[in-house]
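J.: Quick one, coords20.pdb (PDB, C-alpha atoms):
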ATOM      1  CA  MET A   1     -77.862  74.885  22.936
ATOM      2  CA  TYR A   2     -76.615  78.430  22.640
ATOM      3  CA  PRO A   3     -78.947  81.408  22.545
ATOM      4  CA  ILE A   4     -79.237  82.500  18.913
ATOM      5  CA  MET A   5     -78.538  86.159  19.619
ATOM      6  CA  ASN A   6     -75.444  85.618  21.786
ATOM      7  CA  PHE A   7     -72.952  87.727  19.821
ATOM      8  CA  ASN A   8     -69.829  86.374  21.573
ATOM      9  CA  LYS A   9     -70.664  82.746  20.807
ATOM     10  CA  MET A  10     -71.520  83.610  17.201
ATOM     11  CA  MET A  11     -68.238  85.473  16.758
ATOM     12  CA  PHE A  12     -66.167  82.587  18.154
ATOM     13  CA  MET A  13     -68.091  80.131  15.957
ATOM     14  CA  PHE A  14     -67.306  82.323  12.928
ATOM     15  CA  VAL A  15     -63.574  82.410  13.875
ATOM     16  CA  LEU A  16     -63.639  78.613  14.415
ATOM     17  CA  ILE A  17     -64.915  78.050  10.863
ATOM     18  CA  PHE A  18     -62.438  80.532   9.373
ATOM     19  CA  SER A  19     -59.454  79.068  11.259
ATOM     20  CA  THR A  20     -60.121  75.682   9.632
ATOM     21  CA  LEU A  21     -60.243  77.355   6.212
ATOM     22  CA  ILE A  22     -56.944  79.161   6.988
ATOM     23  CA  SER A  23     -55.257  75.842   7.854
ATOM     24  CA  ILE A  24     -56.439  73.837   4.872
ATOM     25  CA  SER A  25     -55.817  76.607   2.329
ATOM     26  CA  SER A  26     -52.369  77.621   3.633
ATOM     27  CA  ASN A  27     -49.363  76.989   1.375
ATOM     28  CA  SER A  28     -46.875  76.542   4.247
ATOM     29  CA  TRP A  29     -46.691  74.345   7.343
ATOM     30  CA  ILE A  30     -46.277  77.400   9.603
ATOM     31  CA  GLY A  31     -49.513  78.798   8.137
ATOM     32  CA  THR A  32     -51.360  75.588   8.962
ATOM     33  CA  TRP A  33     -49.983  75.706  12.504
ATOM     34  CA  ILE A  34     -51.246  79.305  12.935
ATOM     35  CA  GLY A  35     -54.699  78.160  11.744
ATOM     36  CA  LEU A  36     -54.678  75.324  14.286
ATOM     37  CA  GLU A  37     -53.798  77.749  17.103
ATOM     38  CA  ILE A  38     -56.621  80.147  16.147
ATOM     39  CA  ASN A  39     -58.953  77.139  16.013
ATOM     40  CA  LEU A  40     -57.935  76.088  19.541
ATOM     41  CA  LEU A  41     -58.354  79.589  20.989
ATOM     42  CA  SER A  42     -61.779  80.056  19.385
ATOM     43  CA  PHE A  43     -63.173  76.681  20.540
ATOM     44  CA  ILE A  44     -62.267  77.118  24.240
ATOM     45  CA  PRO A  45     -64.705  80.054  24.833
ATOM     46  CA  LEU A  46     -67.436  77.991  23.126
ATOM     47  CA  ILE A  47     -67.072  75.083  25.562
ATOM     48  CA  SER A  48     -66.254  76.919  28.804
ATOM     49  CA  ASN A  49     -69.211  77.774  31.005
ATOM     50  CA  LEU A  50     -68.813  79.402  34.420
ATOM     51  CA  ASN A  51     -72.053  77.840  35.693
ATOM     52  CA  ASN A  52     -70.929  74.316  34.823
ATOM     53  CA  MET A  53     -67.778  72.968  36.494
ATOM     54  CA  MET A  54     -67.552  70.005  34.115
ATOM     55  CA  SER A  55     -67.371  72.224  31.023
ATOM     56  CA  SER A  56     -64.738  74.450  32.664
ATOM     57  CA  GLU A  57     -62.667  71.353  33.433
ATOM     58  CA  ALA A  58     -63.202  70.091  29.869
ATOM     59  CA  SER A  59     -62.012  73.408  28.392
ATOM     60  CA  LEU A  60     -58.827  73.290  30.497
ATOM     61  CA  LYS A  61     -58.113  69.656  29.534
ATOM     62  CA  TYR A  62     -58.774  70.490  25.875
ATOM     63  CA  PHE A  63     -56.410  73.467  26.009
ATOM     64  CA  LEU A  64     -53.589  71.395  27.585
ATOM     65  CA  THR A  65     -53.808  68.455  25.160
ATOM     66  CA  GLN A  66     -54.163  70.631  22.058
ATOM     67  CA  SER A  67     -51.353  73.006  23.076
ATOM     68  CA  ILE A  68     -48.985  70.050  23.711
ATOM     69  CA  ALA A  69     -49.870  68.649  20.267
ATOM     70  CA  SER A  70     -49.367  72.109  18.679
ATOM     71  CA  ILE A  71     -45.949  72.602  20.324
ATOM     72  CA  ASN A  72     -44.844  69.155  19.144
ATOM     73  CA  LEU A  73     -46.144  69.812  15.630
ATOM     74  CA  LEU A  74     -44.254  73.112  15.381
ATOM     75  CA  PHE A  75     -41.088  71.505  16.803
ATOM     76  CA  PHE A  76     -41.133  68.594  14.316
ATOM     77  CA  ILE A  77     -41.942  70.889  11.377
ATOM     78  CA  LEU A  78     -38.936  73.099  12.235
ATOM     79  CA  MET A  79     -36.736  70.014  12.801
ATOM     80  CA  ASN A  80     -37.737  68.651   9.415
ATOM     81  CA  MET A  81     -36.983  71.973   7.726
ATOM     82  CA  ILE A  82     -33.554  72.189   9.417
ATOM     83  CA  LEU A  83     -32.505  68.569   8.798
ATOM     84  CA  PHE A  84     -34.070  68.120   5.339
ATOM     85  CA  LYS A  85     -33.909  71.372   3.439
ATOM     86  CA  ASN A  86     -36.812  70.829   1.026
ATOM     87  CA  PHE A  87     -39.127  68.972   3.473
ATOM     88  CA  GLU A  88     -38.533  65.634   1.771
ATOM     89  CA  MET A  89     -40.194  62.425   2.944
ATOM     90  CA  ASN A  90     -38.480  60.875   5.961
ATOM     91  CA  ASN A  91     -39.983  57.841   7.719
ATOM     92  CA  LYS A  92     -39.150  58.758  11.322
ATOM     93  CA  MET A  93     -40.035  62.429  10.953
ATOM     94  CA  SER A  94     -43.309  61.603   9.166
ATOM     95  CA  ILE A  95     -44.292  59.316  12.087
ATOM     96  CA  PHE A  96     -43.599  62.162  14.566
ATOM     97  CA  ILE A  97     -45.618  64.702  12.557
ATOM     98  CA  ASN A  98     -48.451  62.169  12.041
ATOM     99  CA  SER A  99     -48.518  61.448  15.793
ATOM    100  CA  THR A 100     -49.072  65.119  16.658
ATOM    101  CA  LEU A 101     -51.938  65.343  14.151
ATOM    102  CA  LEU A 102     -53.453  62.104  15.514
ATOM    103  CA  MET A 103     -53.289  63.594  19.007
ATOM    104  CA  LYS A 104     -55.116  66.688  17.750
ATOM    105  CA  MET A 105     -57.985  64.655  16.289
ATOM    106  CA  GLY A 106     -58.276  62.310  19.313
ATOM    107  CA  SER A 107     -57.079  59.170  17.570
ATOM    108  CA  VAL A 108     -55.690  56.005  19.187
ATOM    109  CA  PRO A 109     -53.174  55.803  20.961
ATOM    110  CA  PHE A 110     -53.630  59.489  21.976
ATOM    111  CA  HIS A 111     -57.390  59.133  22.479
ATOM    112  CA  LEU A 112     -57.783  59.125  26.281
ATOM    113  CA  TRP A 113     -58.471  62.877  26.485
ATOM    114  CA  PHE A 114     -61.310  62.640  23.954
ATOM    115  CA  PRO A 115     -64.066  60.788  25.938
ATOM    116  CA  ASN A 116     -63.165  62.686  29.145
ATOM    117  CA  ILE A 117     -63.593  66.063  27.464
ATOM    118  CA  ILE A 118     -66.794  65.061  25.639
ATOM    119  CA  GLU A 119     -68.311  64.017  28.982
ATOM    120  CA  GLY A 120     -68.278  67.675  30.098
ATOM    121  CA  LEU A 121     -69.759  69.242  26.934
ATOM    122  CA  SER A 122     -73.221  70.128  25.672
ATOM    123  CA  TRP A 123     -74.539  68.169  22.676
ATOM    124  CA  LEU A 124     -73.770  70.998  20.210
ATOM    125  CA  ASN A 125     -70.156  71.166  21.424
ATOM    126  CA  CYS A 126     -69.943  67.361  21.238
ATOM    127  CA  PHE A 127     -71.058  67.576  17.610
ATOM    128  CA  ILE A 128     -68.425  70.245  16.811
ATOM    129  CA  LEU A 129     -65.648  68.246  18.526
ATOM    130  CA  MET A 130     -66.612  64.977  16.811
ATOM    131  CA  THR A 131     -66.913  66.465  13.308
ATOM    132  CA  TRP A 132     -65.607  69.969  12.526
ATOM    133  CA  GLN A 133     -62.522  69.754  14.782
ATOM    134  CA  LYS A 134     -61.328  66.664  12.893
ATOM    135  CA  ILE A 135     -61.253  68.347   9.457
ATOM    136  CA  THR A 136     -57.931  70.231   9.755
ATOM    137  CA  PRO A 137     -55.790  67.440  11.291
ATOM    138  CA  MET A 138     -57.110  64.886   8.783
ATOM    139  CA  ILE A 139     -56.460  67.083   5.750
ATOM    140  CA  LEU A 140     -52.951  67.896   7.039
ATOM    141  CA  LEU A 141     -52.404  64.163   7.610
ATOM    142  CA  SER A 142     -53.382  63.444   3.997
ATOM    143  CA  TYR A 143     -50.581  65.790   2.814
ATOM    144  CA  TYR A 144     -47.781  63.981   4.628
ATOM    145  CA  PHE A 145     -48.367  60.454   5.960
ATOM    146  CA  ASN A 146     -46.450  57.269   6.587
ATOM    147  CA  LYS A 147     -48.511  54.495   4.939
ATOM    148  CA  MET A 148     -47.586  51.576   7.222
ATOM    149  CA  PHE A 149     -47.949  53.708  10.367
ATOM    150  CA  LEU A 150     -51.382  54.911   9.198
ATOM    151  CA  ILE A 151     -52.574  51.330   8.517
ATOM    152  CA  VAL A 152     -51.571  50.261  12.067
ATOM    153  CA  ILE A 153     -53.304  53.340  13.570
ATOM    154  CA  MET A 154     -56.554  52.843  11.640
ATOM    155  CA  ILE A 155     -56.749  49.158  12.730
ATOM    156  CA  LEU A 156     -56.143  50.192  16.380
ATOM    157  CA  ASN A 157     -58.835  52.887  16.082
ATOM    158  CA  THR A 158     -61.503  50.465  14.906
ATOM    159  CA  ILE A 159     -60.647  47.802  17.533
ATOM    160  CA  ILE A 160     -60.236  50.102  20.564
ATOM    161  CA  GLY A 161     -63.227  52.291  19.585
ATOM    162  CA  ALA A 162     -65.451  49.186  19.403
ATOM    163  CA  ILE A 163     -64.224  47.424  22.561
ATOM    164  CA  SER A 164     -64.127  50.565  24.763
ATOM    165  CA  GLY A 165     -67.767  51.362  24.019
ATOM    166  CA  LEU A 166     -69.035  48.045  25.417
ATOM    167  CA  ASN A 167     -69.173  48.991  29.115
ATOM    168  CA  GLN A 168     -70.335  52.615  28.760
ATOM    169  CA  THR A 169     -73.543  53.962  30.292
ATOM    170  CA  SER A 170     -72.989  57.595  29.250
ATOM    171  CA  LEU A 171     -74.385  58.450  25.818
ATOM    172  CA  ARG A 172     -71.691  61.094  25.272
ATOM    173  CA  LYS A 173     -68.879  58.602  25.938
ATOM    174  CA  LEU A 174     -70.634  56.074  23.735
ATOM    175  CA  MET A 175     -70.728  58.614  20.891
ATOM    176  CA  ALA A 176     -67.046  59.440  21.560
ATOM    177  CA  PHE A 177     -65.961  55.795  21.167
ATOM    178  CA  SER A 178     -68.210  55.499  18.117
ATOM    179  CA  SER A 179     -66.352  58.533  16.738
ATOM    180  CA  ILE A 180     -62.976  56.846  17.404
ATOM    181  CA  ASN A 181     -64.185  53.731  15.567
ATOM    182  CA  ASN A 182     -65.399  55.790  12.591
ATOM    183  CA  LEU A 183     -62.089  57.673  12.631
ATOM    184  CA  GLY A 184     -60.397  54.381  11.730
ATOM    185  CA  TRP A 185     -62.649  54.106   8.674
ATOM    186  CA  MET A 186     -62.009  57.755   7.766
ATOM    187  CA  LEU A 187     -58.227  57.312   7.978
ATOM    188  CA  SER A 188     -58.553  54.366   5.601
ATOM    189  CA  THR A 189     -60.332  56.619   3.074
ATOM    190  CA  ILE A 190     -57.245  58.902   3.054
ATOM    191  CA  LEU A 191     -55.293  55.970   1.549
ATOM    192  CA  ILE A 192     -57.905  55.561  -1.204
ATOM    193  CA  SER A 193     -58.944  59.053  -2.372
ATOM    194  CA  GLU A 194     -59.726  62.545  -1.112
ATOM    195  CA  ASN A 195     -63.232  62.491  -2.643
ATOM    196  CA  LEU A 196     -64.084  59.325  -0.723
ATOM    197  CA  TRP A 197     -62.839  60.938   2.501
ATOM    198  CA  MET A 198     -65.107  63.926   1.866
ATOM    199  CA  PHE A 199     -68.080  61.655   1.140
ATOM    200  CA  TYR A 200     -67.497  59.550   4.277
ATOM    201  CA  PHE A 201     -66.976  62.645   6.436
ATOM    202  CA  VAL A 202     -70.167  64.349   5.196
ATOM    203  CA  MET A 203     -72.222  61.180   5.737
ATOM    204  CA  TYR A 204     -70.758  60.630   9.221
ATOM    205  CA  SER A 205     -71.324  64.310  10.169
ATOM    206  CA  PHE A 206     -74.929  64.068   8.999
ATOM    207  CA  LEU A 207     -75.616  60.963  11.128
ATOM    208  CA  VAL A 208     -73.865  62.408  14.207
ATOM    209  CA  SER A 209     -75.814  65.662  13.834
ATOM    210  CA  ILE A 210     -79.088  63.675  13.855
ATOM    211  CA  MET A 211     -78.118  61.801  17.029
ATOM    212  CA  CYS A 212     -76.907  64.953  18.800
ATOM    213  CA  PHE A 213     -80.100  66.779  17.761
ATOM    214  CA  LEU A 214     -82.309  63.976  19.155
ATOM    215  CA  PHE A 215     -80.362  63.659  22.416
ATOM    216  CA  ASN A 216     -80.385  67.448  22.867
ATOM    217  CA  MET A 217     -84.108  67.626  22.136
ATOM    218  CA  PHE A 218     -84.890  65.070  24.876
ATOM    219  CA  ASN A 219     -82.096  66.325  27.164
ATOM    220  CA  MET A 220     -80.574  62.829  27.363
ATOM    221  CA  PHE A 221     -77.086  62.071  28.648
ATOM    222  CA  PHE A 222     -77.306  58.486  29.976
ATOM    223  CA  ILE A 223     -78.628  55.199  28.613
ATOM    224  CA  ASN A 224     -81.240  54.718  31.377
ATOM    225  CA  GLN A 225     -82.966  57.944  30.276
ATOM    226  CA  LEU A 226     -83.965  56.136  27.076
ATOM    227  CA  PHE A 227     -86.086  53.783  29.217
ATOM    228  CA  ILE A 228     -87.551  56.399  31.571
ATOM    229  CA  VAL A 229     -88.796  58.934  29.011
ATOM    230  CA  ASN A 230     -92.367  58.232  27.953
ATOM    231  CA  MET A 231     -91.803  58.610  24.216
ATOM    232  CA  ASN A 232     -94.168  57.581  21.446
ATOM    233  CA  TYR A 233     -93.108  54.750  19.168
ATOM    234  CA  LEU A 234     -92.310  56.906  16.140
ATOM    235  CA  ILE A 235     -89.568  58.668  18.132
ATOM    236  CA  LYS A 236     -88.286  55.316  19.403
ATOM    237  CA  MET A 237     -88.211  54.071  15.799
ATOM    238  CA  SER A 238     -86.256  57.189  14.846
ATOM    239  CA  PHE A 239     -83.617  56.333  17.485
ATOM    240  CA  PHE A 240     -83.644  52.741  16.267
ATOM    241  CA  ILE A 241     -83.116  53.627  12.585
ATOM    242  CA  ASN A 242     -80.468  56.313  13.185
ATOM    243  CA  PHE A 243     -78.446  54.139  15.582
ATOM    244  CA  LEU A 244     -78.395  51.302  13.034
ATOM    245  CA  SER A 245     -77.494  53.760  10.276
ATOM    246  CA  LEU A 246     -74.573  55.062  12.381
ATOM    247  CA  ALA A 247     -73.431  51.476  12.944
ATOM    248  CA  GLY A 248     -73.418  50.920   9.163
ATOM    249  CA  LEU A 249     -76.051  48.201   8.835
ATOM    250  CA  PRO A 250     -76.626  47.418   5.116
ATOM    251  CA  PRO A 251     -80.118  48.736   4.286
ATOM    252  CA  PHE A 252     -79.509  52.137   5.908
ATOM    253  CA  ILE A 253     -77.735  55.159   4.457
ATOM    254  CA  GLY A 254     -74.745  54.900   6.847
ATOM    255  CA  PHE A 255     -73.708  51.683   5.093
ATOM    256  CA  PHE A 256     -72.854  53.434   1.792
ATOM    257  CA  PRO A 257     -69.492  54.985   2.663
ATOM    258  CA  LYS A 258     -68.435  51.784   4.479
ATOM    259  CA  TRP A 259     -69.440  49.722   1.464
ATOM    260  CA  ILE A 260     -67.229  51.838  -0.831
ATOM    261  CA  VAL A 261     -64.270  51.516   1.591
ATOM    262  CA  ILE A 262     -64.746  47.728   1.799
ATOM    263  CA  ASN A 263     -64.996  47.503  -1.997
ATOM    264  CA  SER A 264     -61.807  49.575  -2.532
ATOM    265  CA  PHE A 265     -59.794  47.581   0.017
ATOM    266  CA  MET A 266     -60.984  44.234  -1.363
ATOM    267  CA  LEU A 267     -59.880  45.288  -4.862
ATOM    268  CA  ASN A 268     -56.434  46.081  -3.425
ATOM    269  CA  LYS A 269     -56.379  42.670  -1.648
ATOM    270  CA  PHE A 270     -56.308  44.036   1.938
ATOM    271  CA  TYR A 271     -58.473  41.146   3.147
ATOM    272  CA  LEU A 272     -57.224  40.925   6.741
ATOM    273  CA  ILE A 273     -57.673  44.675   7.368
ATOM    274  CA  MET A 274     -61.243  44.523   6.057
ATOM    275  CA  LEU A 275     -62.018  41.487   8.233
ATOM    276  CA  ILE A 276     -60.877  43.459  11.327
ATOM    277  CA  PHE A 277     -62.922  46.499  10.225
ATOM    278  CA  VAL A 278     -66.104  44.470   9.672
ATOM    279  CA  MET A 279     -65.703  42.559  12.973
ATOM    280  CA  SER A 280     -65.279  45.850  14.874
ATOM    281  CA  SER A 281     -68.450  47.164  13.196
ATOM    282  CA  LEU A 282     -70.280  44.083  14.473
ATOM    283  CA  ILE A 283     -69.189  44.898  18.041
ATOM    284  CA  MET A 284     -70.442  48.481  17.549
ATOM    285  CA  LEU A 285     -73.722  47.099  16.258
ATOM    286  CA  PHE A 286     -74.008  44.891  19.351
ATOM    287  CA  PHE A 287     -73.950  47.765  21.821
ATOM    288  CA  TYR A 288     -76.251  49.921  19.693
ATOM    289  CA  ILE A 289     -78.782  47.081  19.463
ATOM    290  CA  ARG A 290     -78.492  46.514  23.229
ATOM    291  CA  ILE A 291     -79.659  50.121  23.825
ATOM    292  CA  ILE A 292     -82.397  49.962  21.169
ATOM    293  CA  TYR A 293     -83.739  46.592  22.371
ATOM    294  CA  SER A 294     -83.942  47.798  25.966
ATOM    295  CA  SER A 295     -85.642  51.089  25.106
ATOM    296  CA  ILE A 296     -88.226  49.535  22.755
ATOM    297  CA  MET A 297     -89.028  46.268  24.547
ATOM    298  CA  PHE A 298     -89.080  47.283  28.209
ATOM    299  CA  ASN A 299     -91.905  49.473  29.487
ATOM    300  CA  TYR A 300     -91.198  48.806  33.149
ATOM    301  CA  MET A 301     -90.509  52.497  33.909
ATOM    302  CA  LYS A 302     -93.257  54.211  31.958
ATOM    303  CA  LEU A 303     -93.879  57.085  34.339
ATOM    304  CA  LYS A 304     -97.357  58.601  34.096
ATOM    305  CA  TRP A 305     -96.259  62.057  35.306
ATOM    306  CA  PHE A 306     -93.331  62.290  32.895
ATOM    307  CA  ASN A 307     -94.889  62.730  29.482
ATOM    308  CA  PHE A 308     -92.976  64.279  26.618
ATOM    309  CA  TYR A 309     -94.839  65.980  23.788
ATOM    310  CA  LEU A 310     -93.164  67.093  20.607
ATOM    311  CA  LYS A 311     -94.189  70.322  18.948
ATOM    312  CA  ASN A 312     -95.572  69.908  15.429
ATOM    313  CA  ASN A 313     -92.540  71.335  13.596
ATOM    314  CA  LEU A 314     -90.103  69.144  15.615
ATOM    315  CA  PHE A 315     -92.274  66.095  14.997
ATOM    316  CA  ILE A 316     -92.238  66.735  11.229
ATOM    317  CA  MET A 317     -88.471  67.308  11.322
ATOM    318  CA  ASN A 318     -87.959  64.055  13.240
ATOM    319  CA  THR A 319     -90.035  62.120  10.688
ATOM    320  CA  PHE A 320     -88.127  63.753   7.802
ATOM    321  CA  ILE A 321     -84.761  62.766   9.371
ATOM    322  CA  MET A 322     -86.004  59.191   9.790
ATOM    323  CA  MET A 323     -86.999  59.061   6.125
ATOM    324  CA  ILE A 324     -83.543  60.274   5.011
ATOM    325  CA  SER A 325     -81.872  57.488   7.006
ATOM    326  CA  LEU A 326     -84.226  54.980   5.401
ATOM    327  CA  LEU A 327     -83.389  56.402   1.969
ATOM    328  CA  GLY A 328     -80.407  54.044   1.972
ATOM    329  CA  MET A 329     -82.851  51.221   1.188
ATOM    330  CA  ILE A 330     -83.861  52.929  -2.066
ATOM    331  CA  LEU A 331     -80.310  53.959  -2.970
ATOM    332  CA  SER A 332     -79.014  50.399  -2.423
ATOM    333  CA  THR A 333     -81.090  49.261  -5.435
ATOM    334  CA  LEU A 334     -79.465  51.938  -7.651
ATOM    335  CA  PHE A 335     -75.896  50.972  -6.682
ATOM    336  CA  PHE A 336     -76.390  47.220  -7.031
ATOM    337  CA  ILE A 337     -73.262  45.654  -8.580
TER     338      ILE A 337
END
Written as structure tokens, that's how I'd like the structure from this file.
T.:
Amino acid sequence: MYPIMNFNKMMFMFVLIFSTLISISSNSWIGTWIGLEINLLSFIPLISNLNNMMSSEASLKYFLTQSIASINLLFFILMNMILFKNFEMNNKMSIFINSTLLMKMGSVPFHLWFPNIIEGLSWLNCFILMTWQKITPMILLSYYFNKMFLIVIMILNTIIGAISGLNQTSLRKLMAFSSINNLGWMLSTILISENLWMFYFVMYSFLVSIMCFLFNMFNMFFINQLFIVNMNYLIKMSFFINFLSLAGLPPFIGFFPKWIVINSFMLNKFYLIMLIFVMSSLIMLFFYIRIIYSSIMFNYMKLKWFNFYLKNNLFIMNTFIMMISLLGMILSTLFFI
């Protein structure tokens, strides 16, 4: 985590937030592009660290991918304005513009940079990249999208995000592929309504923030650390509940947004798409349960000299977070149809 009083980091964080607001409140495509550029230039100082070679490499990779996407976006916007005077809907041009925005948010098939960059970041930067950095491209995508292209992309996101996470041992890469899978669900909410997208995004951000907070607190980066750390069972239960909530298992709060998406798509008779979405969620659930099962059941590496004690305020916070995730059980009775 960053030191609280580091003025430079705070300033860049402030600019990062404002650049997103510039993009989404702009009334021209050039204005949105300027906001995206400011966003890119303010995030790079946040992730680069001279003492850590991996974060320096990640910042360079991030700059290259985002600048290529920005150049393409500007080029296609100008092309569209030259060829079609009033920026009317054109299938080919909309696919090109959508592709640049998908590259910016780390969506399939332009997703390969996303896990590689996340691997070199701290947990706070991972959280920013998985949540805040997706806001601008997704809102811009909702303004101007090709429906059939978006349906294909969201199906690919859910399938590739689920399958790619199966053989991962790094927790950061696992969270990255989980993010790609959830991106497929979020893109589907764009087709339904903007309010549903906001609801899904807020819920997803909340769950990711919990996981990043827990991993940062225990300084965990790989799956085997979950077995080594001598944690008490309440903390293990917290991991258990939040992982299942992130996977979207029915009693937990993470199931709500997915339930609304499933309901909306079933009403519109998109049965095959929903079958693919639900099957991909089952694969996600499989590799979450594999981690949870191993960390709870196996005590073969309970090291006596490696105890971890939580301070009182952190322990209370952890319990409070666990209760919020369990709140889905109570809410599910209120929304019973």
J.: Within 9 Å of Leu196 in chain A, counting only C-alpha atoms, which residues qualify if same-chain residues fewer than 4 places away don't, as a PDB file with C-alpha atoms, in the coordinates of the input?
T.:
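Result file is result.pdb:
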ATOM      1  CA  MET A 186     -62.009  57.755   7.766  1.00  0.00           C
ATOM      2  CA  THR A 189     -60.332  56.619   3.074  1.00  0.00           C
ATOM      3  CA  ILE A 190     -57.245  58.902   3.054  1.00  0.00           C
ATOM      4  CA  ILE A 192     -57.905  55.561  -1.204  1.00  0.00           C
ATOM      5  CA  TYR A 200     -67.497  59.550   4.277  1.00  0.00           C
ATOM      6  CA  PHE A 201     -66.976  62.645   6.436  1.00  0.00           C
ATOM      7  CA  PRO A 257     -69.492  54.985   2.663  1.00  0.00           C
ATOM      8  CA  ILE A 260     -67.229  51.838  -0.831  1.00  0.00           C
ATOM      9  CA  VAL A 261     -64.270  51.516   1.591  1.00  0.00           C
TER      10      VAL A 261
END
J.: Run the PyMOL selection byres ((chain A and resi 70) around 8) against the file shown and list the residues it catches, as an MDAnalysis selection string.
T.: chainID A and resid 33 36:37 66:69 71:74 100 104
J.: What's the 12 Å shell around Met81 in chain A, counting all atoms listed in the file, without same-chain residues fewer than 6 positions away, as a PyMOL selection string?
T.: chain A and resi 28-30+74-75+87-90+93
J.: How would you write, as a ChimeraX atom specification, the residues chosen by the PyMOL selection byres ((chain A and resi 268-276) around 12) on this structure?
T.: /A:151-160,162,181,184-185,188,191-192,258-267,277-283
J.: Of the residues A:Ile210, A:Met284, A:Asn86, A:Ser245, which is the one nearest to Ile180 in chain A, using only C-alpha atoms?
T.: A:Met284
J.: Looking at A:Asn318, A:Met211, A:Ile77, A:Leu183, which one is nearest to Thr32 in chain A, with distances taken over all atoms listed in the file?
T.: A:Ile77
J.: Kindly give the distance, in Å, that separates CA of Met217 in chain A and CA of Trp132 in chain A, rounded to a single decimal.
T.: 21.0 Å
J.: From the list A:Ser209, A:Thr169, A:Asn242, A:Ser178, which residue is nearest Ile128 in chain A when using all atoms listed in the file?
T.: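 Of A:Ser209, A:Thr169, A:Asn242, A:Ser178, the one nearest Ile128 in chain A, counting all atoms listed in the file, is A:Ser209.
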J.: Closest to Leu207 in chain A among A:Val15, A:Ile22, A:Ile97, A:Leu326, using only C-alpha atoms?
T.: A:Leu326
J.: Env of Met103 in chain A: 10 Å cut, atoms = all atoms listed in the file, seq-sep filter 3 positions within chain, self excluded. Answer as number ranges by chain.
T.: A: 65-66, 68-70, 98-100, 106-114, 137
J.: May I ask which of the residues A:Thr20, A:Ile82, A:Phe227, A:Phe96 is the closest one to Met138 in chain A, counting only C-alpha atoms?
T.: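 With only C-alpha atoms as the atom set, the closest residue is A:Thr20.
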J.: Any chance you could work out the residue set of the PyMOL selection byres ((chain A and resi 246) around 9) here, as a ChimeraX atom specification?
T.: /A:178,204,207-208,211,241-245,247-249,252-255,285
J.: To one decimal in Å, tell me the separation between CA of Met203 in chain A and CA of Met297 in chain A.
T.: 29.3 Å
J.: Would you mind telling me which residue in A:Met198, A:Leu16, A:Ile235, A:Ile330 lies nearest to Ile296 in chain A when using only C-alpha atoms?
T.: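 The closest residue to Ile296 in chain A is A:Ile235.
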J.: For CA of Ser19 in chain A and CA of Val202 in chain A, determine how far apart the two atoms are, in Å to one decimal place.
T.: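 Interatomic distance, CA of Ser19 in chain A to CA of Val202 in chain A: 19.2 Å.
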J.: Which polymer residues have any atom within 8 Å of an atom of Lys9 in chain A, counting all atoms listed in the file, with same-chain residues fewer than 3 positions away left out, as a PyMOL selection string?
T.: chain A and resi 2+6+12-13+45-46
J.: As an MDAnalysis selection string, please: the residues near Phe215 in chain A (cut-off 12 Å, all atoms listed in the file, same-chain neighbours under 6 positions excluded).
T.: chainID A and resid 1 122:124 126:127 170:172 175 208:209 221:223 225:226 229 235:236 238:239 242:243 318
